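File shown: data.txt (compact mmCIF, C-alpha atoms and all ligand atoms).
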```txt
# COMPACT_ATOMS: atom_id res chain seq x y z
CA MET X 1 -5.75 -5.95 21.09
CA TYR X 2 -2.71 -4.71 22.99
CA GLN X 3 -3.40 -7.32 25.68
CA ARG X 4 -2.76 -10.16 23.28
CA LEU X 5 0.23 -8.94 21.30
CA ASP X 6 3.24 -6.70 21.61
CA LEU X 7 2.66 -4.28 18.80
CA GLU X 8 5.09 -1.94 17.16
CA VAL X 9 3.02 0.53 15.16
CA TRP X 10 4.05 2.89 12.38
CA ASP X 11 1.60 5.74 12.81
CA GLY X 12 3.03 8.28 10.38
CA ASP X 13 0.72 9.93 7.83
CA GLN X 14 2.87 8.60 5.01
CA PRO X 15 3.63 4.93 4.34
CA ILE X 16 6.54 3.60 6.35
CA PRO X 17 9.81 4.34 4.53
CA ARG X 18 11.46 1.21 3.18
CA GLU X 19 14.61 1.59 5.33
CA GLU X 20 12.46 1.99 8.42
CA LEU X 21 10.47 -1.14 7.57
CA LEU X 22 13.65 -3.16 7.05
CA ARG X 23 15.04 -1.84 10.33
CA ARG X 24 11.90 -2.74 12.28
CA VAL X 25 10.96 -6.21 11.02
CA PRO X 26 13.80 -8.37 12.43
CA GLY X 27 12.51 -10.75 15.08
CA LYS X 28 8.82 -10.03 14.44
CA GLN X 29 6.35 -12.94 14.27
CA GLY X 30 3.82 -11.10 12.19
CA ILE X 31 3.59 -8.12 9.84
CA ILE X 32 0.36 -6.27 9.18
CA CYS X 33 0.67 -4.11 6.09
CA LEU X 34 -1.12 -2.02 3.49
CA LEU X 35 -0.84 -2.17 -0.28
CA THR X 36 1.72 0.64 -0.05
CA GLU X 37 4.30 -1.73 1.47
CA LYS X 38 6.24 -3.95 -0.86
CA ILE X 39 6.72 -7.22 0.99
CA ASP X 40 9.42 -8.99 -1.00
CA SER X 41 12.14 -11.50 -0.20
CA GLN X 42 14.34 -8.73 1.20
CA VAL X 43 11.72 -7.85 3.82
CA LEU X 44 10.97 -11.50 4.58
CA ASP X 45 14.68 -12.25 4.99
CA ALA X 46 15.16 -9.17 7.15
CA ALA X 47 12.37 -10.43 9.42
CA GLY X 48 14.09 -13.79 9.68
CA SER X 49 12.92 -17.17 10.90
CA SER X 50 10.61 -15.72 13.58
CA LEU X 51 8.16 -14.52 10.92
CA LYS X 52 5.02 -16.63 10.67
CA VAL X 53 2.48 -14.45 8.93
CA VAL X 54 2.01 -11.42 6.70
CA SER X 55 -1.47 -9.93 6.98
CA THR X 56 -2.43 -7.26 4.46
CA ILE X 57 -5.36 -4.88 4.89
CA SER X 58 -6.38 -5.28 1.26
CA VAL X 59 -7.91 -7.82 -1.07
CA GLY X 60 -5.17 -7.32 -3.64
CA THR X 61 -1.90 -9.08 -2.84
CA ASP X 62 0.31 -8.08 -5.76
CA HIS X 63 2.51 -6.06 -3.35
CA ILE X 64 3.48 -9.32 -1.63
CA ASP X 65 5.92 -11.76 -3.22
CA LEU X 66 3.75 -14.84 -2.75
CA GLU X 67 6.34 -17.25 -4.12
CA ALA X 68 8.92 -15.97 -1.65
CA ALA X 69 6.42 -16.26 1.22
CA LYS X 70 5.48 -19.78 0.19
CA ALA X 71 9.11 -20.86 -0.10
CA ARG X 72 9.70 -19.69 3.47
CA GLY X 73 6.50 -21.26 4.85
CA ILE X 74 5.08 -17.84 5.75
CA LYS X 75 1.30 -17.57 5.81
CA VAL X 76 -0.45 -14.71 4.03
CA GLY X 77 -3.80 -13.24 5.06
CA TYR X 78 -5.90 -10.71 3.13
CA THR X 79 -9.36 -9.11 3.30
CA PRO X 80 -11.72 -10.47 0.67
CA GLY X 81 -15.48 -10.29 1.07
CA VAL X 82 -15.74 -7.39 3.51
CA LEU X 83 -14.99 -4.81 0.82
CA THR X 84 -16.95 -6.33 -2.06
CA ASP X 85 -20.06 -4.15 -1.72
CA ALA X 86 -18.13 -0.92 -1.20
CA VAL X 87 -15.97 -1.52 -4.28
CA ALA X 88 -18.95 -2.62 -6.40
CA GLU X 89 -20.80 0.58 -5.46
CA LEU X 90 -17.75 2.72 -6.21
CA THR X 91 -17.34 0.98 -9.57
CA LEU X 92 -20.91 1.70 -10.52
CA GLY X 93 -20.48 5.30 -9.37
CA LEU X 94 -17.29 5.76 -11.36
CA THR X 95 -18.95 4.20 -14.41
CA LEU X 96 -21.87 6.62 -14.24
CA ALA X 97 -19.63 9.59 -13.42
CA THR X 98 -17.42 8.82 -16.42
CA ALA X 99 -20.28 8.04 -18.79
CA ARG X 100 -22.14 11.23 -17.85
CA CYS X 101 -19.16 13.59 -17.58
CA PHE X 102 -19.63 14.49 -13.90
CA PHE X 103 -16.13 15.74 -13.26
CA ARG X 104 -15.75 17.61 -16.53
CA SER X 105 -19.12 19.25 -15.83
CA HIS X 106 -18.13 20.21 -12.30
CA CYS X 107 -14.82 21.65 -13.52
CA GLU X 108 -16.58 23.64 -16.21
CA ILE X 109 -18.87 25.29 -13.68
CA ARG X 110 -15.99 25.98 -11.29
CA SER X 111 -13.95 27.65 -13.99
CA GLY X 112 -16.84 29.87 -15.08
CA GLY X 113 -17.40 28.02 -18.37
CA TRP X 114 -21.12 27.53 -17.80
CA GLU X 115 -21.74 31.25 -17.35
CA LYS X 116 -20.34 31.80 -20.81
CA SER X 117 -22.64 29.21 -22.37
CA THR X 118 -26.14 27.95 -21.50
CA TRP X 119 -28.22 24.77 -21.43
CA SER X 120 -27.80 23.22 -24.82
CA PRO X 121 -28.94 19.97 -26.39
CA LEU X 122 -25.43 18.74 -27.12
CA LYS X 123 -23.75 19.85 -23.91
CA MET X 124 -21.87 17.11 -22.03
CA TYR X 125 -23.18 14.32 -24.22
CA GLY X 126 -22.69 11.02 -22.44
CA LYS X 127 -23.43 7.32 -22.66
CA LEU X 128 -26.45 5.38 -21.48
CA LEU X 129 -26.11 2.20 -19.40
CA GLN X 130 -29.68 1.15 -20.07
CA GLY X 131 -29.80 -1.00 -23.18
CA SER X 132 -26.02 -1.27 -23.39
CA THR X 133 -23.67 -4.27 -23.42
CA VAL X 134 -21.39 -4.30 -20.42
CA GLY X 135 -18.25 -6.44 -20.26
CA ILE X 136 -16.82 -7.37 -16.88
CA VAL X 137 -13.22 -8.54 -17.08
CA GLY X 138 -12.72 -10.95 -14.18
CA LEU X 139 -15.87 -12.27 -12.52
CA GLY X 140 -14.55 -12.55 -8.98
CA ARG X 141 -16.46 -11.39 -5.91
CA ILE X 142 -16.42 -7.74 -6.96
CA GLY X 143 -17.26 -8.49 -10.59
CA PHE X 144 -20.19 -10.62 -9.52
CA ALA X 145 -21.50 -7.98 -7.09
CA LEU X 146 -21.28 -5.48 -9.94
CA LEU X 147 -23.12 -7.83 -12.31
CA LYS X 148 -26.05 -8.07 -9.91
CA ARG X 149 -26.22 -4.30 -9.54
CA LEU X 150 -26.03 -3.71 -13.30
CA LYS X 151 -29.22 -5.71 -13.80
CA ALA X 152 -31.13 -2.94 -12.00
CA PHE X 153 -29.96 -0.56 -14.75
CA GLN X 154 -31.63 -2.67 -17.42
CA VAL X 155 -28.52 -3.20 -19.47
CA LYS X 156 -29.03 -5.38 -22.55
CA ASP X 157 -26.22 -7.88 -22.09
CA ILE X 158 -23.59 -8.57 -19.48
CA LEU X 159 -20.53 -10.38 -20.80
CA PHE X 160 -17.72 -11.57 -18.58
CA THR X 161 -14.38 -13.33 -18.60
CA ALA X 162 -13.18 -15.51 -15.75
CA ARG X 163 -10.19 -17.66 -14.83
CA SER X 164 -12.41 -20.56 -13.70
CA PRO X 165 -16.00 -21.56 -14.57
CA LYS X 166 -18.58 -19.18 -13.05
CA PRO X 167 -21.99 -20.87 -13.25
CA HIS X 168 -23.41 -18.26 -10.84
CA GLY X 169 -22.49 -15.56 -13.37
CA GLU X 170 -24.49 -17.32 -16.06
CA ALA X 171 -27.32 -18.02 -13.58
CA GLU X 172 -27.60 -14.27 -12.94
CA GLY X 173 -27.91 -13.62 -16.66
CA GLY X 174 -24.28 -12.97 -17.59
CA LYS X 175 -22.54 -14.67 -20.50
CA GLU X 176 -18.98 -15.91 -20.39
CA VAL X 177 -16.99 -15.02 -23.50
CA ARG X 178 -13.39 -14.79 -24.62
CA PHE X 179 -11.51 -11.61 -23.76
CA GLU X 180 -11.33 -10.48 -27.42
CA GLU X 181 -15.06 -10.98 -27.93
CA LEU X 182 -15.83 -9.02 -24.77
CA LEU X 183 -13.66 -6.13 -26.00
CA GLN X 184 -15.31 -6.09 -29.42
CA LYS X 185 -18.92 -6.25 -28.23
CA SER X 186 -19.01 -4.14 -25.07
CA ASP X 187 -20.16 -0.53 -24.73
CA PHE X 188 -18.62 -0.51 -21.27
CA VAL X 189 -15.50 -2.51 -20.42
CA ILE X 190 -15.06 -2.77 -16.67
CA CYS X 191 -11.91 -4.31 -15.27
CA THR X 192 -12.25 -6.01 -11.88
CA CYS X 193 -9.62 -8.74 -12.17
CA ALA X 194 -6.55 -9.30 -10.02
CA LEU X 195 -3.08 -8.20 -11.11
CA THR X 196 -0.89 -11.24 -11.72
CA PRO X 197 2.07 -11.85 -14.06
CA GLU X 198 -0.52 -13.14 -16.61
CA THR X 199 -2.77 -10.08 -16.44
CA GLN X 200 0.00 -7.44 -16.29
CA GLY X 201 -0.50 -4.94 -19.12
CA MET X 202 -3.42 -6.86 -20.66
CA PHE X 203 -5.11 -3.60 -21.66
CA ASP X 204 -2.66 -2.47 -24.30
CA LYS X 205 -2.73 -0.97 -27.78
CA THR X 206 -4.14 -4.19 -29.23
CA ALA X 207 -6.91 -4.37 -26.61
CA PHE X 208 -7.91 -0.71 -27.04
CA HIS X 209 -7.88 -1.19 -30.80
CA LEU X 210 -10.37 -4.07 -30.49
CA MET X 211 -12.77 -1.97 -28.39
CA LYS X 212 -15.54 0.14 -29.90
CA SER X 213 -14.60 3.80 -30.39
CA SER X 214 -17.66 4.65 -28.27
CA VAL X 215 -16.53 2.52 -25.32
CA VAL X 216 -16.27 3.60 -21.71
CA PHE X 217 -13.31 1.85 -20.06
CA ILE X 218 -13.27 1.51 -16.26
CA ASN X 219 -10.46 0.14 -14.09
CA ILE X 220 -10.86 -0.35 -10.34
CA SER X 221 -8.34 -3.18 -9.85
CA ARG X 222 -4.69 -2.26 -10.29
CA GLY X 223 -2.97 0.20 -12.59
CA GLY X 224 -0.54 -2.50 -13.70
CA LEU X 225 -3.29 -4.18 -15.73
CA VAL X 226 -3.13 -1.28 -18.15
CA ASN X 227 -0.36 -0.14 -20.46
CA GLN X 228 -0.91 3.48 -19.53
CA ASP X 229 0.96 5.01 -22.46
CA ASP X 230 -1.30 3.03 -24.78
CA LEU X 231 -4.34 4.20 -22.81
CA VAL X 232 -3.30 7.85 -23.12
CA GLU X 233 -2.84 7.40 -26.87
CA ALA X 234 -6.21 5.66 -27.23
CA LEU X 235 -7.97 8.44 -25.31
CA LYS X 236 -6.15 11.19 -27.18
CA GLY X 237 -6.73 9.66 -30.60
CA GLY X 238 -10.42 8.99 -29.96
CA GLU X 239 -9.83 5.27 -30.28
CA ILE X 240 -11.94 4.91 -27.14
CA TRP X 241 -14.54 7.40 -25.87
CA GLY X 242 -13.58 7.72 -22.23
CA ALA X 243 -11.97 6.14 -19.21
CA GLY X 244 -12.63 6.13 -15.48
CA LEU X 245 -9.77 5.03 -13.24
CA ASP X 246 -9.61 4.39 -9.52
CA VAL X 247 -6.17 2.86 -9.98
CA MET X 248 -3.19 3.85 -12.09
CA THR X 249 0.59 3.86 -12.29
CA PRO X 250 2.21 5.32 -10.32
CA GLU X 251 0.14 6.01 -7.24
CA PRO X 252 0.02 8.77 -6.22
CA LEU X 253 -0.31 10.09 -9.76
CA PRO X 254 1.61 13.37 -10.27
CA HIS X 255 -0.80 16.29 -10.74
CA ASP X 256 0.72 17.13 -14.15
CA HIS X 257 0.45 13.59 -15.52
CA PRO X 258 -0.86 13.28 -19.14
CA LEU X 259 -3.93 11.34 -17.91
CA LEU X 260 -5.03 14.45 -16.04
CA GLN X 261 -4.76 16.64 -19.13
CA LEU X 262 -7.44 14.62 -20.90
CA ALA X 263 -11.06 15.77 -20.74
CA ASN X 264 -12.28 12.24 -21.43
CA CYS X 265 -10.50 10.66 -18.49
CA THR X 266 -11.85 10.61 -14.94
CA VAL X 267 -9.33 9.79 -12.24
CA ILE X 268 -9.95 9.18 -8.55
CA PRO X 269 -7.27 8.28 -5.98
CA HIS X 270 -7.70 4.54 -5.26
CA ILE X 271 -10.68 4.88 -2.92
CA GLY X 272 -12.68 1.77 -3.88
CA SER X 273 -13.07 0.44 -0.34
CA ALA X 274 -13.03 3.81 1.42
CA THR X 275 -16.12 3.78 3.61
CA GLU X 276 -15.87 3.83 7.38
CA LYS X 277 -17.64 0.50 7.89
CA THR X 278 -15.62 -1.22 5.16
CA ARG X 279 -12.26 -0.01 6.41
CA LEU X 280 -13.11 -1.04 9.99
CA ASP X 281 -14.19 -4.48 8.78
CA MET X 282 -10.97 -4.80 6.78
CA ALA X 283 -8.84 -3.77 9.75
CA ARG X 284 -10.64 -6.21 12.03
CA LEU X 285 -10.29 -9.09 9.57
CA ALA X 286 -6.60 -8.34 9.05
CA ALA X 287 -6.06 -8.28 12.84
CA GLU X 288 -7.84 -11.65 13.18
CA ASN X 289 -5.70 -13.07 10.37
CA LEU X 290 -2.57 -11.83 12.09
CA ILE X 291 -3.46 -13.24 15.50
CA ALA X 292 -4.51 -16.63 14.11
CA GLY X 293 -1.39 -16.78 11.93
CA ILE X 294 0.83 -16.20 14.96
CA LYS X 295 -1.09 -18.58 17.21
CA GLY X 296 -1.20 -21.25 14.52
CA THR X 297 -5.01 -21.46 14.52
CA SER X 298 -7.11 -21.25 11.39
CA MET X 299 -7.01 -17.82 9.74
CA PRO X 300 -10.40 -16.40 8.69
CA ALA X 301 -9.06 -15.28 5.29
CA GLN X 302 -5.88 -17.09 4.37
CA LEU X 303 -4.47 -16.82 0.87
CA LEU X 304 -1.38 -18.96 1.55
C1 LIG L 401 -7.49 -2.26 -2.61
O1 LIG L 401 -7.09 -1.94 -3.70
C2 LIG L 401 -7.39 -3.59 -2.11
O2 LIG L 401 -6.70 -4.41 -2.72
O3 LIG L 401 -7.99 -3.86 -1.05
C1 LIG L 402 -34.19 18.60 -18.91
O1 LIG L 402 -34.00 19.13 -17.83
C2 LIG L 402 -35.50 18.46 -19.48
O2 LIG L 402 -36.45 19.02 -18.90
O3 LIG L 402 -35.61 17.78 -20.49
```
Would you kindly transcribe this structure into structure tokens?
Amino acid sequence: MYQRLDLEVWDGDQPIPREELLRRVPGKQGIICLLTEKIDSQVLDAAGSSLKVVSTISVGTDHIDLEAAKARGIKVGYTPGVLTDAVAELTLGLTLATARCFFRSHCEIRSGGWEKSTWSPLKMYGKLLQGSTVGIVGLGRIGFALLKRLKAFQVKDILFTARSPKPHGEAEGGKEVRFEELLQKSDFVICTCALTPETQGMFDKTAFHLMKSSVVFINISRGGLVNQDDLVEALKGGEIWGAGLDVMTPEPLPHDHPLLQLANCTVIPHIGSATEKTRLDMARLAAENLIAGIKGTSMPAQLL
């Protein structure tokens, strides 16, 4: 890789500080970034007219100001496809872990709670996927991979919403419905859609109110899709049964955040694509996007 490009690498454990990023980008032809870097017009302007491509090692691109990139003729690459299976597996895992109280159970044993009780018929009552209605909000690549996996769990119905027609979703046995209908009918509401200005805060008080009080709500996309204060209230007030989150606001989430005080909320630290193979595939694809973007050849995964 070093033979083809002059690379300046930030190799700190923490994301590159903003000032450092702004100081380093001038004159660069390409930027390879993570979702922790906000690539806005200030960064693009600091880079100047040499900049041809921004390549992010992520499928989400909400940290990049796409309008600003477009206006400046800067290409944007991302990493769809290679992480679909890893995220779909994680989503299923988080759904089961939330529905069956894995983390609460583990914490109870660790804190000595189990020694003070025993096996009991009502202990750690959870929810069954089999026979349930599952709603997938956003039938993109990840949503579709999840749909196929859910069939193996013999769920009753799979409902989904989508921005564009998804005949393959229907062909696999899913049913496209309106967002409100999905919320009202689902025993599990699983959010896999992208964060855009239209989807920002779509899971709010009104949405939680429409859901069943027995619902398990899962979010693996972006924290910004959820009005988190409304979620905390819904969980506290028993308006929904439980939530499992791989994403939240802010990230990292402070250890004393209200979400972490709730027994019916399972939180994991944005690890959807975190398997060795997946991360290597993502890194490779992002590098190929970067090189092609600089050379002016066709990028393997170009968003803009
Ligand atoms: C992770 O959240 C990604 O967008 O790849
Ligand atoms: C549970 O372990 C059972 O035997 O039903």
Nearby residues (only C-alpha atoms) at most 6 Å from Thr79 of chain X, same-chain spacing under 6 positions excluded, as a list in words: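 Listing them by chain and then by number gives Ser58, Val59 and Met282 of chain X.
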Distance in Å - atom CA of Lys166 of chain X versus atom CA of Asp187 of chain X: 22.1 Å
Distance criterion (all atoms listed in the file): nearest to Gly293 of chain X out of X:Leu34, X:Pro17, X:Ser55, X:Glu170: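 Closest residue, counting all atoms listed in the file: X:Ser55.
Inspection of the environment of ligand LIG 401 (chain L), which uses all atoms listed in the file and a cut-off of 7 Å, identifies the neighbouring residues as X:Leu35, X:Ile57, X:Ser58, X:Val59, X:Gly60, X:Thr61, X:Thr79, X:Ser221, X:His270, X:Gly272, X:Ser273.
When atom CA of Pro197 of chain X is paired with atom CA of Ala68 of chain X, their separation reads 14.8 Å.
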Length of the atom CA of Gln261 of chain X to atom CA of Ser132 of chain X vector [Å]: 28.1 Å
Residues of chain X that have any atom at most 10 Å from an atom of ligand LIG 402 (chain L): could you tabulate them with the shortest-distance atom pair and the distance in Å to one decimal, using only C-alpha atoms and all ligand atoms, ordered by chain and increasing number, as a Markdown table?
```
| residue | atom | partner | partner_atom | distance |
| --- | --- | --- | --- | --- |
| X:Trp119 | CA | L:LIG402 | O1 | 8.8 |
| X:Ser120 | CA | L:LIG402 | C1 | 9.9 |
| X:Pro121 | CA | L:LIG402 | O3 | 9.2 |
```
Closest of X:Leu83, X:Leu231, X:Glu251, X:Ser213 to Leu280 of chain X - atom-to-atom distances counting all atoms listed in the file: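 Of the candidates, the smallest distance to Leu280 of chain X is held by X:Leu83.
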Residue nearest Val134 of chain X among X:Gly296, X:Gly174, X:Pro252, X:Gly48 (counting all atoms listed in the file): X:Gly174
Neighbours of point (-20.3, 3.2, -22.6) within 7 Å, using all atoms listed in the file, written as an NGL selection string: :X and (99 or 127-129 or 187-188 or 214-216)
Which of X:His168, X:Lys52, X:Lys116, X:Arg222 sits closest to Ile74 of chain X [using all atoms listed in the file]: X:Lys52
Long-range neighbours of Pro165 of chain X as a VMD selection string, 12 Å cut-off, all atoms listed in the file, 3 positions minimum in chain: chain X and resid 138 to 140 160 to 162 168 to 171 175 to 177
Go ahead and find all residues with at least one atom no further than 10 Å from (-2.0, -19.5, 14.1) in the file's coordinates, using all atoms listed in the file; report them as a short mmCIF file (atom, residue, chain, number, x, y, z; two decimals) with C-alpha atoms, in the coordinates of the input.
```cif
data_model
loop_
_atom_site.label_atom_id
_atom_site.label_comp_id
_atom_site.auth_asym_id
_atom_site.auth_seq_id
_atom_site.Cartn_x
_atom_site.Cartn_y
_atom_site.Cartn_z
CA LYS X 52 5.02 -16.63 10.67
CA VAL X 53 2.48 -14.45 8.93
CA LYS X 75 1.30 -17.57 5.81
CA GLU X 288 -7.84 -11.65 13.18
CA ASN X 289 -5.70 -13.07 10.37
CA LEU X 290 -2.57 -11.83 12.09
CA ILE X 291 -3.46 -13.24 15.50
CA ALA X 292 -4.51 -16.63 14.11
CA GLY X 293 -1.39 -16.78 11.93
CA ILE X 294 0.83 -16.20 14.96
CA LYS X 295 -1.09 -18.58 17.21
CA GLY X 296 -1.20 -21.25 14.52
CA THR X 297 -5.01 -21.46 14.52
CA SER X 298 -7.11 -21.25 11.39
CA MET X 299 -7.01 -17.82 9.74
#
```
Polymer residues at most 10 Å from Thr278 of chain X, all atoms listed in the file, same-chain spacing of 2 or more positions, as a PyMOL selection string: chain X and resi 81-87+272-276+280-284
